[in-house]
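Quick look at target-v3.txt (compact mmCIF, C-alpha atoms):
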# COMPACT_ATOMS: atom_id res chain seq x y z
CA MET A 452 2.20 -29.19 -24.44
CA ASP A 453 3.84 -29.72 -21.07
CA PRO A 454 3.28 -32.73 -18.78
CA TYR A 455 0.60 -32.16 -16.19
CA TRP A 456 2.85 -31.98 -13.14
CA VAL A 457 4.83 -29.23 -14.89
CA ILE A 458 1.59 -27.35 -15.51
CA PHE A 459 0.65 -27.75 -11.85
CA LEU A 460 4.04 -26.43 -10.74
CA LYS A 461 3.82 -23.54 -13.19
CA ALA A 462 0.36 -22.68 -11.87
CA LEU A 463 1.67 -22.79 -8.32
CA VAL A 464 4.62 -20.55 -9.18
CA MET A 465 2.31 -18.17 -11.03
CA SER A 466 0.01 -17.95 -8.01
CA VAL A 467 2.90 -17.26 -5.65
CA LEU A 468 4.29 -14.64 -8.06
CA LEU A 469 0.89 -12.98 -8.29
CA LEU A 470 0.66 -12.85 -4.51
CA GLY A 471 4.16 -11.38 -4.37
CA GLY A 472 3.05 -8.95 -7.06
CA PHE A 473 0.08 -8.05 -4.85
CA ALA A 474 2.36 -7.41 -1.87
CA TYR A 475 4.70 -5.14 -3.79
CA LEU A 476 1.85 -3.45 -5.59
CA THR A 477 0.64 -2.22 -2.19
CA TRP A 478 4.16 -0.93 -1.55
CA LEU A 479 4.30 0.79 -4.94
CA GLN A 480 0.85 2.26 -4.37
CA ARG A 481 1.71 3.67 -0.96
CA ARG A 482 5.03 5.07 -2.10
CA LEU A 483 3.62 6.64 -5.26
CA LEU A 484 0.55 8.08 -3.54
CA ALA A 485 2.85 9.55 -0.90
CA ARG A 486 4.95 11.19 -3.63
CA PHE A 487 1.85 12.57 -5.31
CA GLN A 488 0.85 14.15 -2.00
CA HIS A 489 4.33 15.44 -1.04
CA ARG A 490 4.82 12.83 1.64
CA ILE A 491 7.50 10.18 1.93
CA GLY A 492 5.48 7.01 2.50
CA PRO A 493 6.68 3.83 4.22
CA ASN A 494 10.49 3.91 4.30
CA ARG A 495 11.51 2.42 7.66
CA THR A 496 11.12 -1.33 7.19
CA GLY A 497 14.08 -2.37 5.08
CA TRP A 498 15.74 -0.32 2.35
CA GLU A 499 13.23 2.27 1.08
CA GLY A 500 10.48 0.40 2.93
CA LEU A 501 10.85 -2.67 0.74
CA LEU A 502 10.19 -5.03 3.64
CA GLN A 503 6.93 -3.26 4.51
CA PRO A 504 4.64 -5.70 2.62
CA ILE A 505 6.29 -8.65 4.41
CA ALA A 506 5.84 -6.97 7.80
CA ASP A 507 2.18 -6.32 6.91
CA ALA A 508 1.72 -9.95 5.89
CA ILE A 509 3.21 -11.26 9.15
CA LYS A 510 1.02 -8.91 11.13
CA MET A 511 -2.08 -10.04 9.22
CA ILE A 512 -1.30 -13.73 9.71
CA PHE A 513 -0.95 -13.41 13.50
CA LYS A 514 -4.07 -11.36 14.08
CA GLN A 515 -7.05 -12.96 15.74
CA ASP A 516 -9.55 -14.43 13.32
CA VAL A 517 -13.01 -13.30 14.43
CA THR A 518 -16.24 -14.78 13.06
CA PRO A 519 -19.31 -12.83 14.24
CA THR A 520 -21.93 -14.87 16.09
CA HIS A 521 -24.73 -14.01 13.70
CA ALA A 522 -22.71 -14.77 10.60
CA ASP A 523 -23.42 -17.73 8.35
CA LYS A 524 -20.19 -19.57 9.29
CA VAL A 525 -19.53 -21.77 6.26
CA VAL A 526 -20.22 -19.12 3.64
CA PHE A 527 -18.43 -16.50 5.71
CA ILE A 528 -15.26 -18.58 5.67
CA LEU A 529 -15.58 -19.71 2.04
CA ALA A 530 -16.24 -16.29 0.48
CA PRO A 531 -12.67 -14.87 0.67
CA GLY A 532 -11.39 -18.18 -0.68
CA ILE A 533 -13.72 -17.97 -3.69
CA SER A 534 -12.61 -14.41 -4.36
CA VAL A 535 -8.92 -15.14 -4.29
CA VAL A 536 -9.05 -18.46 -6.17
CA PHE A 537 -10.93 -16.99 -9.13
CA ALA A 538 -8.73 -13.92 -9.14
CA LEU A 539 -5.63 -16.16 -9.39
CA VAL A 540 -7.11 -18.54 -11.92
CA ALA A 541 -7.98 -15.78 -14.39
CA PHE A 542 -4.34 -14.97 -15.05
CA GLY A 543 -3.51 -18.49 -16.26
CA ALA A 544 -4.80 -18.01 -19.80
CA ILE A 545 -2.68 -14.95 -20.52
CA PRO A 546 0.37 -15.73 -22.67
CA ALA A 547 3.65 -14.17 -21.55
CA GLY A 548 5.87 -15.09 -24.49
CA PRO A 549 6.29 -17.28 -27.60
CA ALA A 550 5.83 -21.07 -27.27
CA ASN A 551 8.64 -23.02 -25.53
CA SER A 552 10.40 -19.84 -24.41
CA LEU A 553 10.36 -20.57 -20.66
CA PHE A 554 13.32 -23.01 -20.46
CA GLY A 555 11.60 -25.18 -23.08
CA MET A 556 8.20 -24.80 -21.44
CA ASP A 557 5.29 -22.71 -22.62
CA PRO A 558 5.06 -19.34 -20.84
CA TRP A 559 1.35 -19.75 -20.11
CA ILE A 560 -0.63 -22.23 -18.02
CA VAL A 561 -3.50 -23.02 -20.37
CA ASP A 562 -3.81 -22.23 -24.06
CA LEU A 563 -7.59 -22.08 -24.48
CA ASP A 564 -9.43 -21.50 -27.74
CA ILE A 565 -11.94 -19.53 -25.69
CA GLY A 566 -9.24 -17.75 -23.68
CA LEU A 567 -10.91 -14.35 -23.93
CA LEU A 568 -14.27 -15.68 -22.69
CA TYR A 569 -12.47 -17.61 -19.98
CA VAL A 570 -10.76 -14.52 -18.56
CA LEU A 571 -14.01 -12.53 -18.69
CA ALA A 572 -15.88 -15.38 -16.99
CA THR A 573 -13.42 -16.08 -14.19
CA THR A 574 -12.99 -12.41 -13.34
CA SER A 575 -16.75 -12.03 -13.05
CA ILE A 576 -17.15 -15.10 -10.83
CA GLY A 577 -15.14 -13.10 -8.31
CA VAL A 578 -18.33 -11.15 -7.66
CA TYR A 579 -19.68 -14.24 -5.87
CA GLY A 580 -16.95 -13.90 -3.26
CA ILE A 581 -17.91 -10.28 -2.70
CA PHE A 582 -21.62 -10.89 -2.56
CA LEU A 583 -21.54 -14.06 -0.45
CA GLY A 584 -19.05 -12.47 1.94
CA GLY A 585 -21.23 -9.43 2.49
CA TRP A 586 -24.40 -11.46 2.82
CA ALA A 587 -22.95 -14.07 5.17
CA ALA A 588 -21.50 -11.47 7.54
CA ASN A 589 -25.07 -10.49 8.44
CA SER A 590 -24.15 -6.88 9.13
CA LYS A 591 -25.93 -3.95 7.54
CA TYR A 592 -22.77 -2.25 6.35
CA SER A 593 -21.50 -5.48 4.84
CA LEU A 594 -24.77 -6.18 3.10
CA LEU A 595 -25.14 -2.71 1.62
CA GLY A 596 -21.50 -2.64 0.62
CA SER A 597 -21.68 -5.99 -1.10
CA LEU A 598 -24.93 -5.09 -2.89
CA ARG A 599 -23.37 -1.91 -4.19
CA SER A 600 -20.16 -3.58 -5.25
CA SER A 601 -21.83 -6.43 -7.03
CA ALA A 602 -24.34 -4.16 -8.78
CA GLN A 603 -21.45 -1.98 -9.91
CA ILE A 604 -19.35 -4.90 -11.12
CA ILE A 605 -22.12 -6.60 -13.08
CA SER A 606 -23.17 -3.28 -14.62
CA TYR A 607 -19.72 -2.57 -15.99
CA GLU A 608 -19.47 -6.11 -17.33
CA LEU A 609 -21.66 -4.90 -20.22
CA GLY A 610 -19.16 -2.29 -21.32
CA LEU A 611 -16.39 -4.83 -20.91
CA GLY A 612 -18.17 -7.43 -23.01
CA LEU A 613 -19.16 -5.04 -25.78
CA SER A 614 -15.83 -3.27 -26.13
CA VAL A 615 -13.90 -6.47 -26.86
CA LEU A 616 -16.16 -7.10 -29.88
CA SER A 617 -13.97 -4.90 -32.09
CA VAL A 618 -10.92 -6.99 -31.25
CA ILE A 619 -12.79 -10.24 -31.88
CA MET A 620 -14.14 -9.03 -35.21
CA ILE A 621 -10.67 -8.05 -36.42
CA ALA A 622 -8.85 -11.09 -35.02
CA GLY A 623 -11.59 -13.64 -35.78
CA THR A 624 -10.62 -15.74 -32.75
CA LEU A 625 -11.03 -15.87 -28.98
CA ASN A 626 -7.62 -17.45 -28.44
CA LEU A 627 -5.46 -14.91 -26.60
CA ARG A 628 -2.21 -16.28 -28.06
CA GLU A 629 -3.57 -15.87 -31.61
CA ILE A 630 -4.90 -12.39 -30.83
CA VAL A 631 -1.37 -11.35 -29.83
CA GLU A 632 0.06 -12.94 -32.99
CA ILE A 633 -2.41 -11.11 -35.21
CA ASN A 634 -1.88 -7.71 -33.53
CA VAL A 635 -5.16 -5.89 -34.19
CA TRP A 636 -3.49 -2.53 -34.89
CA SER A 637 -1.47 -3.82 -37.83
CA VAL A 638 -4.48 -4.82 -39.95
CA SER A 639 -5.45 -1.39 -41.25
CA PRO A 640 -5.21 2.22 -40.04
CA LEU A 641 -8.88 2.64 -40.95
CA LEU A 642 -9.74 0.41 -37.99
CA TRP A 643 -7.86 2.60 -35.53
CA PRO A 644 -10.74 4.94 -34.58
CA GLY A 645 -12.99 2.01 -33.61
CA LEU A 646 -10.17 0.33 -31.75
CA LEU A 647 -9.21 3.48 -29.87
CA VAL A 648 -12.78 4.01 -28.67
CA ALA A 649 -12.99 0.34 -27.74
CA LEU A 650 -9.72 0.56 -25.81
CA PHE A 651 -11.00 3.64 -23.99
CA ALA A 652 -14.31 1.96 -23.08
CA PHE A 653 -12.59 -1.26 -22.08
CA TRP A 654 -10.12 0.57 -19.87
CA ILE A 655 -12.86 2.45 -18.05
CA SER A 656 -14.91 -0.73 -17.58
CA ALA A 657 -11.87 -2.58 -16.29
CA THR A 658 -11.18 0.25 -13.84
CA ALA A 659 -14.73 -0.14 -12.54
CA GLU A 660 -14.46 -3.94 -12.46
CA VAL A 661 -11.48 -3.82 -10.12
CA SER A 662 -13.14 -1.02 -8.09
CA ASN A 663 -10.29 1.39 -8.66
CA VAL A 664 -10.72 5.15 -8.29
CA PRO A 665 -12.97 6.86 -9.48
CA PHE A 666 -15.17 3.77 -9.16
CA ASP A 667 -14.09 2.74 -5.65
CA LEU A 668 -17.62 2.82 -4.21
CA PRO A 669 -16.99 -0.34 -2.16
CA GLU A 670 -14.44 1.67 -0.22
CA ALA A 671 -16.70 4.67 0.35
CA GLU A 672 -15.78 4.55 4.02
CA GLN A 673 -17.76 7.62 5.00
CA GLU A 674 -20.96 5.84 4.02
CA LEU A 675 -20.20 2.15 4.34
CA VAL A 676 -17.34 1.76 6.85
CA ALA A 677 -15.44 -0.81 4.77
CA GLY A 678 -18.20 -2.24 2.59
CA TYR A 679 -18.31 -6.00 2.30
CA ILE A 680 -15.09 -6.49 4.29
CA THR A 681 -16.39 -4.73 7.43
CA GLU A 682 -16.71 -7.92 9.48
CA TYR A 683 -13.58 -9.64 8.21
CA SER A 684 -10.36 -9.81 10.15
CA SER A 685 -6.92 -11.41 9.99
CA LEU A 686 -5.89 -13.18 6.78
CA LYS A 687 -9.46 -13.35 5.48
CA PHE A 688 -9.46 -9.57 5.33
CA ALA A 689 -6.17 -9.74 3.45
CA LEU A 690 -7.58 -12.33 1.04
CA PHE A 691 -10.17 -9.86 -0.23
CA PHE A 692 -7.45 -7.30 -0.79
CA MET A 693 -5.37 -9.93 -2.55
CA ALA A 694 -8.29 -10.67 -4.86
CA GLU A 695 -8.73 -6.98 -5.62
CA TYR A 696 -5.07 -6.27 -6.36
CA VAL A 697 -4.54 -9.49 -8.29
CA GLY A 698 -7.63 -8.38 -10.23
CA MET A 699 -5.85 -5.12 -10.99
CA ILE A 700 -2.79 -7.01 -12.25
CA THR A 701 -4.96 -9.33 -14.36
CA ALA A 702 -6.92 -6.41 -15.79
CA SER A 703 -3.65 -4.71 -16.81
CA ALA A 704 -2.37 -7.93 -18.38
CA PHE A 705 -5.70 -8.39 -20.18
CA ILE A 706 -5.71 -4.85 -21.57
CA SER A 707 -2.13 -5.35 -22.76
CA THR A 708 -2.95 -8.68 -24.37
CA LEU A 709 -6.04 -7.49 -26.21
CA PHE A 710 -5.11 -3.97 -27.19
CA LEU A 711 -1.43 -3.27 -26.61
CA GLY A 712 0.33 -6.13 -28.34
CA GLY A 713 0.55 -8.48 -25.37
CA TRP A 714 3.95 -10.03 -24.70
CA LYS A 715 5.46 -8.58 -27.89
CA GLY A 716 7.70 -5.55 -27.75
CA PRO A 717 7.73 -2.65 -30.21
CA GLY A 718 9.34 -3.53 -33.53
CA PHE A 719 12.11 -0.93 -33.44
CA VAL A 720 13.97 -2.58 -30.55
CA ASP A 721 14.98 -5.36 -32.95
CA ALA A 722 17.35 -2.85 -34.52
CA LEU A 723 19.18 -2.56 -31.18
CA VAL A 724 19.27 -6.25 -30.23
CA PRO A 725 18.00 -8.76 -32.83
CA GLY A 726 14.99 -10.67 -31.53
CA MET A 727 14.50 -8.33 -28.60
CA SER A 728 10.79 -7.77 -29.31
CA GLU A 729 10.23 -11.52 -28.88
CA TRP A 730 11.70 -11.71 -25.37
CA PRO A 731 9.25 -13.47 -23.05
CA PHE A 732 7.95 -11.83 -19.88
CA VAL A 733 9.91 -8.57 -20.23
CA TRP A 734 7.42 -6.69 -22.38
CA LEU A 735 4.31 -8.02 -20.68
CA PHE A 736 5.80 -7.08 -17.31
CA LEU A 737 6.66 -3.58 -18.54
CA LYS A 738 3.16 -3.03 -19.93
CA ILE A 739 1.52 -4.29 -16.74
CA PHE A 740 3.78 -2.03 -14.70
CA VAL A 741 2.89 1.04 -16.76
CA LEU A 742 -0.85 0.30 -16.61
CA LEU A 743 -0.72 -0.27 -12.84
CA THR A 744 1.12 3.00 -12.40
CA ILE A 745 -1.67 4.71 -14.33
CA PHE A 746 -4.23 3.03 -12.03
CA ILE A 747 -2.38 4.46 -9.02
CA TRP A 748 -2.07 7.82 -10.73
CA LEU A 749 -5.87 7.85 -11.11
CA GLN A 750 -6.16 7.23 -7.38
CA ALA A 751 -4.15 10.36 -6.70
CA SER A 752 -5.99 12.53 -9.21
CA LEU A 753 -9.68 11.73 -9.35
CA MET A 754 -12.63 11.90 -7.00
CA ARG A 755 -15.18 9.19 -6.36
CA PHE A 756 -18.42 9.03 -8.35
CA ARG A 757 -21.77 9.38 -6.67
CA TYR A 758 -23.61 6.06 -6.83
CA ASP A 759 -26.45 7.05 -9.16
CA GLN A 760 -23.99 8.78 -11.46
CA LEU A 761 -21.90 5.64 -11.50
CA MET A 762 -24.81 3.42 -12.52
CA ARG A 763 -26.02 5.90 -15.12
CA PHE A 764 -22.55 6.23 -16.57
CA GLY A 765 -22.19 2.48 -16.88
CA TRP A 766 -25.61 1.77 -18.34
CA VAL A 767 -26.05 4.78 -20.56
CA TRP A 768 -22.71 6.16 -21.64
CA LEU A 769 -20.39 3.21 -21.54
CA PHE A 770 -22.96 0.81 -23.00
CA GLU A 771 -23.65 3.08 -25.94
CA ILE A 772 -20.03 4.05 -26.56
CA ALA A 773 -18.90 0.42 -26.50
CA LEU A 774 -21.72 -0.68 -28.80
CA GLY A 775 -20.95 2.25 -31.10
CA ALA A 776 -17.29 1.28 -31.27
CA ALA A 777 -18.21 -2.30 -32.17
CA LEU A 778 -20.62 -1.15 -34.90
CA LEU A 779 -18.06 1.31 -36.25
CA THR A 780 -15.42 -1.40 -36.53
CA GLY A 781 -17.97 -3.72 -38.10
CA ALA A 782 -19.01 -1.11 -40.64
CA VAL A 783 -15.39 -0.39 -41.60
CA ILE A 784 -14.67 -4.09 -42.10
CA ALA A 785 -17.88 -4.63 -44.06
CA PHE A 786 -17.96 -1.59 -46.33
CA VAL A 787 -14.49 -0.07 -46.56
CA LEU A 788 -11.97 -2.91 -46.43
CA MET B 890 -6.28 -28.72 -22.76
CA TYR B 891 -8.97 -28.88 -20.09
CA THR B 892 -6.87 -31.10 -17.83
CA ALA B 893 -4.40 -28.21 -17.78
CA LEU B 894 -7.24 -25.99 -16.69
CA PHE B 895 -8.02 -28.47 -13.91
CA MET B 896 -4.37 -28.29 -12.78
CA LEU B 897 -4.60 -24.50 -12.68
CA PHE B 898 -7.72 -24.65 -10.49
CA LEU B 899 -6.04 -27.25 -8.28
CA ALA B 900 -3.02 -25.01 -7.71
CA ALA B 901 -5.08 -21.87 -7.08
CA GLY B 902 -7.45 -23.81 -4.84
CA PHE B 903 -4.45 -25.08 -2.90
CA ILE B 904 -3.30 -21.49 -2.28
CA GLY B 905 -6.80 -20.45 -1.21
CA VAL B 906 -7.30 -23.38 1.17
CA ALA B 907 -3.79 -22.96 2.57
CA ALA B 908 -4.45 -19.30 3.34
CA LEU B 909 -7.74 -20.12 5.09
CA ALA B 910 -6.04 -22.93 7.04
CA ILE B 911 -3.15 -20.68 8.10
CA THR B 912 -5.48 -18.04 9.47
CA PHE B 913 -7.34 -20.80 11.35
CA VAL B 914 -4.16 -22.08 13.00
CA THR B 915 -2.21 -18.90 13.75
CA GLY B 916 -3.44 -15.95 15.71
CA PRO B 917 -4.44 -15.68 19.37
CA LYS B 918 -6.97 -18.25 20.53
CA LYS B 919 -8.45 -16.46 23.54
CA THR B 920 -12.24 -16.10 23.50
CA PRO B 921 -13.20 -12.63 22.29
CA GLN B 922 -15.60 -10.44 24.22
CA THR B 923 -19.29 -10.49 23.30
CA ALA B 924 -19.10 -7.03 21.73
CA THR B 925 -16.29 -8.17 19.44
CA LEU B 926 -18.51 -10.91 18.07
CA GLU B 927 -21.41 -8.57 17.32
CA ALA B 928 -22.06 -7.07 13.92
CA TYR B 929 -20.36 -3.68 13.62
CA GLU B 930 -22.77 -0.78 13.76
CA ALA B 931 -20.61 2.22 14.54
CA GLY B 932 -19.96 1.16 18.13
CA ILE B 933 -23.51 0.98 19.44
CA PRO B 934 -25.31 -2.35 20.05
CA ALA B 935 -26.60 -3.78 16.80
CA ALA B 936 -30.31 -3.17 16.12
CA GLY B 937 -31.47 -6.45 14.64
CA ASP B 938 -29.58 -8.26 11.91
CA ALA B 939 -29.16 -7.52 8.24
CA ARG B 940 -31.91 -9.77 6.91
CA GLU B 941 -34.04 -6.80 5.99
CA ARG B 942 -35.56 -5.25 2.94
CA PHE B 943 -33.27 -3.36 0.60
CA PRO B 944 -33.93 -1.18 -2.45
CA ILE B 945 -35.51 -2.94 -5.41
CA HIS B 946 -33.05 -1.28 -7.78
CA PHE B 947 -30.53 -3.98 -7.03
CA TYR B 948 -32.93 -6.69 -8.21
CA LEU B 949 -33.70 -4.70 -11.32
CA VAL B 950 -30.03 -4.20 -12.10
CA ALA B 951 -29.41 -7.92 -11.66
CA MET B 952 -32.29 -8.80 -13.97
CA LEU B 953 -31.27 -6.28 -16.61
CA PHE B 954 -27.72 -7.53 -16.38
CA ILE B 955 -28.79 -11.07 -17.21
CA ILE B 956 -30.83 -9.93 -20.19
CA PHE B 957 -28.30 -7.52 -21.67
CA ASP B 958 -25.24 -9.59 -20.93
CA LEU B 959 -26.82 -12.58 -22.62
CA GLU B 960 -27.58 -10.43 -25.61
CA THR B 961 -23.97 -9.28 -25.63
CA ALA B 962 -22.89 -12.91 -25.52
CA PHE B 963 -24.93 -13.57 -28.67
CA PHE B 964 -22.65 -11.15 -30.51
CA TYR B 965 -19.56 -13.25 -29.88
CA PRO B 966 -20.18 -16.08 -32.38
CA LEU B 967 -21.18 -13.45 -34.92
CA ALA B 968 -18.00 -11.45 -34.26
CA ILE B 969 -15.73 -14.51 -34.60
CA ARG B 970 -17.16 -15.37 -38.02
CA PHE B 971 -17.56 -11.73 -39.06
CA GLN B 972 -14.88 -11.68 -41.77
CA GLU B 973 -16.48 -14.58 -43.65
CA ALA B 974 -19.52 -12.54 -44.75
CA PRO B 975 -19.02 -9.04 -43.34
CA GLN B 976 -21.86 -7.16 -45.05
CA TYR B 977 -24.49 -9.82 -44.51
CA LEU B 978 -23.49 -10.21 -40.84
CA PHE B 979 -23.33 -6.44 -40.32
CA TRP B 980 -26.97 -6.03 -41.38
CA ASN B 981 -27.92 -8.97 -39.21
CA ALA B 982 -26.14 -7.37 -36.26
CA LEU B 983 -27.96 -4.09 -36.91
CA VAL B 984 -31.35 -5.84 -36.81
CA PHE B 985 -30.34 -7.48 -33.55
CA VAL B 986 -29.16 -4.16 -32.09
CA ALA B 987 -32.46 -2.58 -33.12
CA ILE B 988 -34.44 -5.22 -31.22
CA LEU B 989 -32.12 -4.86 -28.25
CA GLY B 990 -32.42 -1.08 -28.53
CA VAL B 991 -36.20 -1.17 -28.19
CA GLY B 992 -35.92 -2.94 -24.86
CA TYR B 993 -33.06 -0.69 -23.82
CA VAL B 994 -34.95 2.53 -24.54
CA TYR B 995 -38.03 1.12 -22.80
CA VAL B 996 -36.02 0.34 -19.68
CA LEU B 997 -34.40 3.77 -19.65
CA ARG B 998 -37.72 5.58 -20.20
CA ARG B 999 -39.35 3.62 -17.38
CA GLY B 1000 -36.71 5.11 -15.12
CA VAL B 1001 -35.22 1.84 -13.96
CA LEU B 1002 -31.84 3.48 -13.64
CA ASP B 1003 -33.02 6.56 -11.76
CA TRP B 1004 -31.56 6.03 -8.32
CA ARG B 1005 -33.68 8.47 -6.39
Kindly transcribe the structure held in the file into structure tokens.
Amino acid sequence: MDPYWVIFLKALVMSVLLLGGFAYLTWLQRRLLARFQHRIGPNRTGWEGLLQPIADAIKMIFKQDVTPTHADKVVFILAPGISVVFALVAFGAIPAGPANSLFGMDPWIVDLDIGLLYVLATTSIGVYGIFLGGWAANSKYSLLGSLRSSAQIISYELGLGLSVLSVIMIAGTLNLREIVEINVWSVSPLLWPGLLVALFAFWISATAEVSNVPFDLPEAEQELVAGYITEYSSLKFALFFMAEYVGMITASAFISTLFLGGWKGPGFVDALVPGMSEWPFVWLFLKIFVLLTIFIWLQASLMRFRYDQLMRFGWVWLFEIALGAALLTGAVIAFVL
Amino acid sequence: MYTALFMLFLAAGFIGVAALAITFVTGPKKTPQTATLEAYEAGIPAAGDARERFPIHFYLVAMLFIIFDLETAFFYPLAIRFQEAPQYLFWNALVFVAILGVGYVYVLRRGVLDWR
């Protein structure tokens, strides 16, 4: 284990990297969406528009910071902070490589025995930022937007919680590092159907958790203006977006860690370069990149749910599918293996 | 192990506080007009504030969430130890799901999730 000041520095670097990841994720999103729609997208600021996120950040920082008179001042200011802090903190438990592979340091911030629960818990605390922000703004659009968002997020938490059960049953641990070491797919092909359904349910729940299309009800601007961020301006507005995009990155990393082998690469690359599948960071980064691209692809392809359909889908379909997947995996372990 | 977690929260909290401080310091300081400071309601003067009644469905969803998410959380210890006595634990889980299912079907039949 590393000394504490090293851990602090690593956590700081991770946070800054995640924020940089957020900035360039917006760039990637705008460029890709433009391509999907036969446009060009931002390409003026820097080479291929690569300086666009920095220009946006500077603009955000120097905008006037308005707090409405009727707002609950303290909570109004704290809410974006809560959102972004818990979004950043969630990533810390995800391992990015084998022990001691980052110049002799461990490529993770904390190695928790309850890592899986920790990531689930911290990502769901983010809902406090959304709810408190919308409530404190004391505007009808904000309030309705935040109610909708938080109801949506807590509803899909059920699917999220139930679909990881298959992984836990196979791995027998909540430690994310050990889950990657075990690699749930390698245990037995008979477990694949349960795992596939669980992966499917988990992916959909995670999409809803980060409010990505087709679950982007918080951004239903025709009905809600901008949802819970209606009254926010300047960097506080940006903080909510940071939290959302960092949430997308964390969700991708979490899906990779639980279901797609985490930081490990596919075995066949070892034939090309020995030890290549053990390279730290590379594989996790690639997997996150692919999953994020799929998130953006969904944005270009799908339409938004209606709110009652969304709730029904989460409570009826996803709940039952996720529970079914867990029971299927359990039955296979108990009676076939 | 948990001191490391504290360090992580310290670093993330630092970023959060720094961002809030930056937005407090930078940006124009001139006093905004009264209309700017009002709650946004599509450009017309705001009719009252947002401390009003809202649909009860949100309360129901919150309550159901607590019940069902807790019940999901009860599965976790069982799932971790599942391989030690798979058949015995599987039947136990089924009994638990049956009890949970009664409540679930009741809630659905009562139309709690009908948003109309």
With distances taken over only C-alpha atoms, which of A:Ser534, A:Ser703, A:Thr496, A:Ser684 is nearest to B:Ile904?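 Answer, going by the shortest atom-to-atom distance: A:Ser534.
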Taking 2 positions as the minimum chain separation for residues in the same chain, which residues sit within 10 Å of stretch 938-955 of chain B when counting all atoms listed in the file? Answer as an MDAnalysis selection string. (chainID A and resid 521:522 585:595 598:599 601:603 605:609 762 766) or (chainID B and resid 927:928 935:936 957:961 993 996 1001:1005)
Using all atoms listed in the file, what table do you get, as a tab-separated table, when you list each residue of chain B with an atom no more than 6 Å from chain A, its nearest pair of atoms, and their distance in Å rounded to one decimal, rows by chain then rising number?
residue	atom	partner	partner_atom	distance
B:Ala893	CA	A:Val561	CA	5.9
B:Met896	CA	A:Phe459	CA	5.1
B:Leu897	CA	A:Ala462	CA	5.3
B:Ala900	CA	A:Leu463	CA	5.2
B:Ala901	CA	A:Val536	CA	5.3
B:Gly902	CA	A:Val536	CA	5.7
B:Gly905	CA	A:Gly532	CA	5.1
B:Thr912	CA	A:Leu686	CA	5.6
B:Thr915	CA	A:Phe513	CA	5.6
B:Gly916	CA	A:Phe513	CA	4.2
B:Pro917	CA	A:Gln515	CA	5.2
B:Leu926	CA	A:Pro519	CA	4.4
B:Glu927	CA	A:Pro519	CA	5.7
B:Ala928	CA	A:Ser590	CA	5.2
B:Ala939	CA	A:Lys591	CA	4.9
B:Asp958	CA	A:Leu609	CA	5.9
B:Ala968	CA	A:Met620	CA	4.7
B:Ile969	CA	A:Gly623	CA	4.4
B:Phe971	CA	A:Met620	CA	5.8
B:Pro975	CA	A:Ala785	CA	4.6
B:Gln976	CA	A:Ala785	CA	4.8
B:Trp1004	CA	A:Asp759	CA	5.3
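Straight-line separation from atom CA of A:Asn663 to atom CA of B:Phe963: 29.0 Å.
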Would you please work out which residue, of A:Leu476, A:Val720, A:Val525, A:Ala659, is nearest to A:Ile739 when using all atoms listed in the file?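 Ranked by minimum distance to A:Ile739, first place goes to A:Leu476.
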In Å to one decimal, how far is atom CA of A:Ala702 from atom CA of A:Ser597?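 Distance between the two atoms: 20.8 Å.
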Suppose you want the space between atom CA of A:Ser600 and atom CA of A:Val526; what is it in Å? 17.9 Å
Rank nothing, just name the residue among A:Pro644, A:Gly698, A:Gly566, A:Gly596 nearest to A:Phe473, using all atoms listed in the file. A:Gly698
Name the residues in contact with A:Asn634 at a cut-off of 8 Å, using only C-alpha atoms, excluding same-chain residues fewer than 4 positions from it; report them as a list in words. Ala622, Ile630, Val638 and Gly712 of chain A
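Distances here use all atoms listed in the file; by that measure, the residue among A:Ala485, A:Leu668, A:Ala530, A:Leu743 closest to A:Arg757 is A:Leu668.
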If you count only C-alpha atoms, the residue of A:Leu779, A:Val724, A:Leu675, A:Leu711 closest to B:Phe979 turns out to be A:Leu779
